[in-house]
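**Q** Quick one: structure below, then a few questions.
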Amino acid sequence: MKKRYPQPIGSIIRQAIEQSGSATTFDLQRASYLWTEIVGPQINRQTVRRWIDHDELHVVIASAALKNELSFMSTRLRDLINQAAGSPILSRVVIH
């Protein structure tokens, strides 16, 4: 009988996701959830909806002034989310 060493649960889950062929989808959805950590609670309260379309994160903001300001920061937001995710997952952040 082969001796097995314990593995962290995170690595076991990651292996299962990669074996199923869903690693890219998982990473994109994770990038969507990183939005809250990157922008903080005040901006997240103004976020109405967010979704992933291909490799773009679409975010709907309730406040017009905040939407305008975030539109100017979309490249920086994309870079911060990609950095937090650990790989260049997103090509663009679209603010609606």
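Residues are named by chain letter and number: chains run A, B, ... in the order of the structure tokens, numbers start at 1 in each chain, and ligands are numbered from 1 in the order shown.
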Among chain A, which ones does DSSP place in strand (DSSP E), written as an NGL selection string?

**A** :A and (47-53 or 56-61 or 92-95)

**Q** Compile a residue-level contact table for region 53-87 of chain A against region 26-30 of chain A at a cut-off of 9 Å, reporting for every qualifying residue the shortest atom pair and its distance in Å to one decimal, with only C-alpha atoms counted, rows ordered by chain and ascending number, as JSON lines.

**A**
```
{"residue": "A:His54", "atom": "CA", "partner": "A:Leu28", "partner_atom": "CA", "distance": 8.6}
{"residue": "A:Asp55", "atom": "CA", "partner": "A:Leu28", "partner_atom": "CA", "distance": 7.1}
{"residue": "A:Glu56", "atom": "CA", "partner": "A:Leu28", "partner_atom": "CA", "distance": 8.7}
{"residue": "A:Leu57", "atom": "CA", "partner": "A:Leu28", "partner_atom": "CA", "distance": 8.5}
{"residue": "A:Ala85", "atom": "CA", "partner": "A:Arg30", "partner_atom": "CA", "distance": 7.5}
{"residue": "A:Ser87", "atom": "CA", "partner": "A:Asp27", "partner_atom": "CA", "distance": 9.0}
```

**Q** Quick one: residues within 10 Å of Ile38 (chain A), only C-alpha atoms, excluding same-chain residues fewer than 4 positions away - as a compact mmCIF listing (two decimals) with N, CA and C atoms, in the first residue's frame?

**A**
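This is the output file out-v5.txt:
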```txt
# COMPACT_ATOMS: atom_id res chain seq x y z
N TYR A 33 -15.27 38.27 -7.42
CA TYR A 33 -15.42 38.43 -5.97
C TYR A 33 -14.31 39.26 -5.36
N LEU A 34 -13.17 39.41 -6.04
CA LEU A 34 -12.10 40.26 -5.55
C LEU A 34 -12.45 41.74 -5.65
N ILE A 43 -17.54 51.82 -1.75
CA ILE A 43 -17.82 51.69 -3.19
C ILE A 43 -18.63 50.43 -3.45
N ASN A 44 -18.38 49.38 -2.71
CA ASN A 44 -19.14 48.15 -2.91
C ASN A 44 -20.63 48.35 -2.60
N LEU A 77 -7.85 49.53 -11.74
CA LEU A 77 -8.66 48.51 -11.07
C LEU A 77 -8.38 47.13 -11.66
N ARG A 78 -8.29 47.06 -12.98
CA ARG A 78 -7.98 45.78 -13.64
C ARG A 78 -6.63 45.25 -13.17
N LEU A 80 -5.05 45.93 -10.36
CA LEU A 80 -5.13 45.53 -8.95
C LEU A 80 -5.81 44.18 -8.78
N ILE A 81 -6.88 43.95 -9.54
CA ILE A 81 -7.59 42.67 -9.45
C ILE A 81 -6.71 41.54 -9.99
N ALA A 84 -4.10 40.80 -7.38
CA ALA A 84 -4.66 40.06 -6.24
C ALA A 84 -4.97 38.62 -6.61
```

**Q** Report as a list in words all protein, DNA and RNA residues lying within 12 Å of Gln42 (chain A), evaluated on only C-alpha atoms, omitting residues in the same chain fewer than 4 positions from it.

**A**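 Final neighbour list, sorted by chain and number: Thr36, Glu37, Ile38, Gln46, Thr47, Ile61, Ser63 and Leu66 of chain A.
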
**Q** Give the alpha helix (DSSP H) residues of chain A, as DSSP finds them on the backbone, and put them as an MDAnalysis selection string.

**A** chainID A and resid 9:20 23:39 41:46 64:72 74:85

**Q** Could you check which of A:Val48, A:Ile9, A:Ala16, A:Ala31 is closest to Pro88 (chain A), using only C-alpha atoms?

**A**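 Closest to Pro88 (chain A), using only C-alpha atoms: A:Ala31.
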
**Q** What is the CA of Arg50 (chain A)-CA of Ile95 (chain A) distance in Å, reported with one decimal?

**A** 9.3 Å

**Q** State, in Å with one decimal place, the distance from CA of Asn68 (chain A) to CA of Val39 (chain A).

**A** 14.7 Å

**Q** Go through A:His96, A:Gln83, A:Ile12, A:Tyr5 one by one, measure the shortest atom-to-atom distance of each to Ala65 (chain A) using only C-alpha atoms, and give the residue with the smallest value.

**A**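 For Ala65 (chain A), the nearest of the given residues is A:His96.
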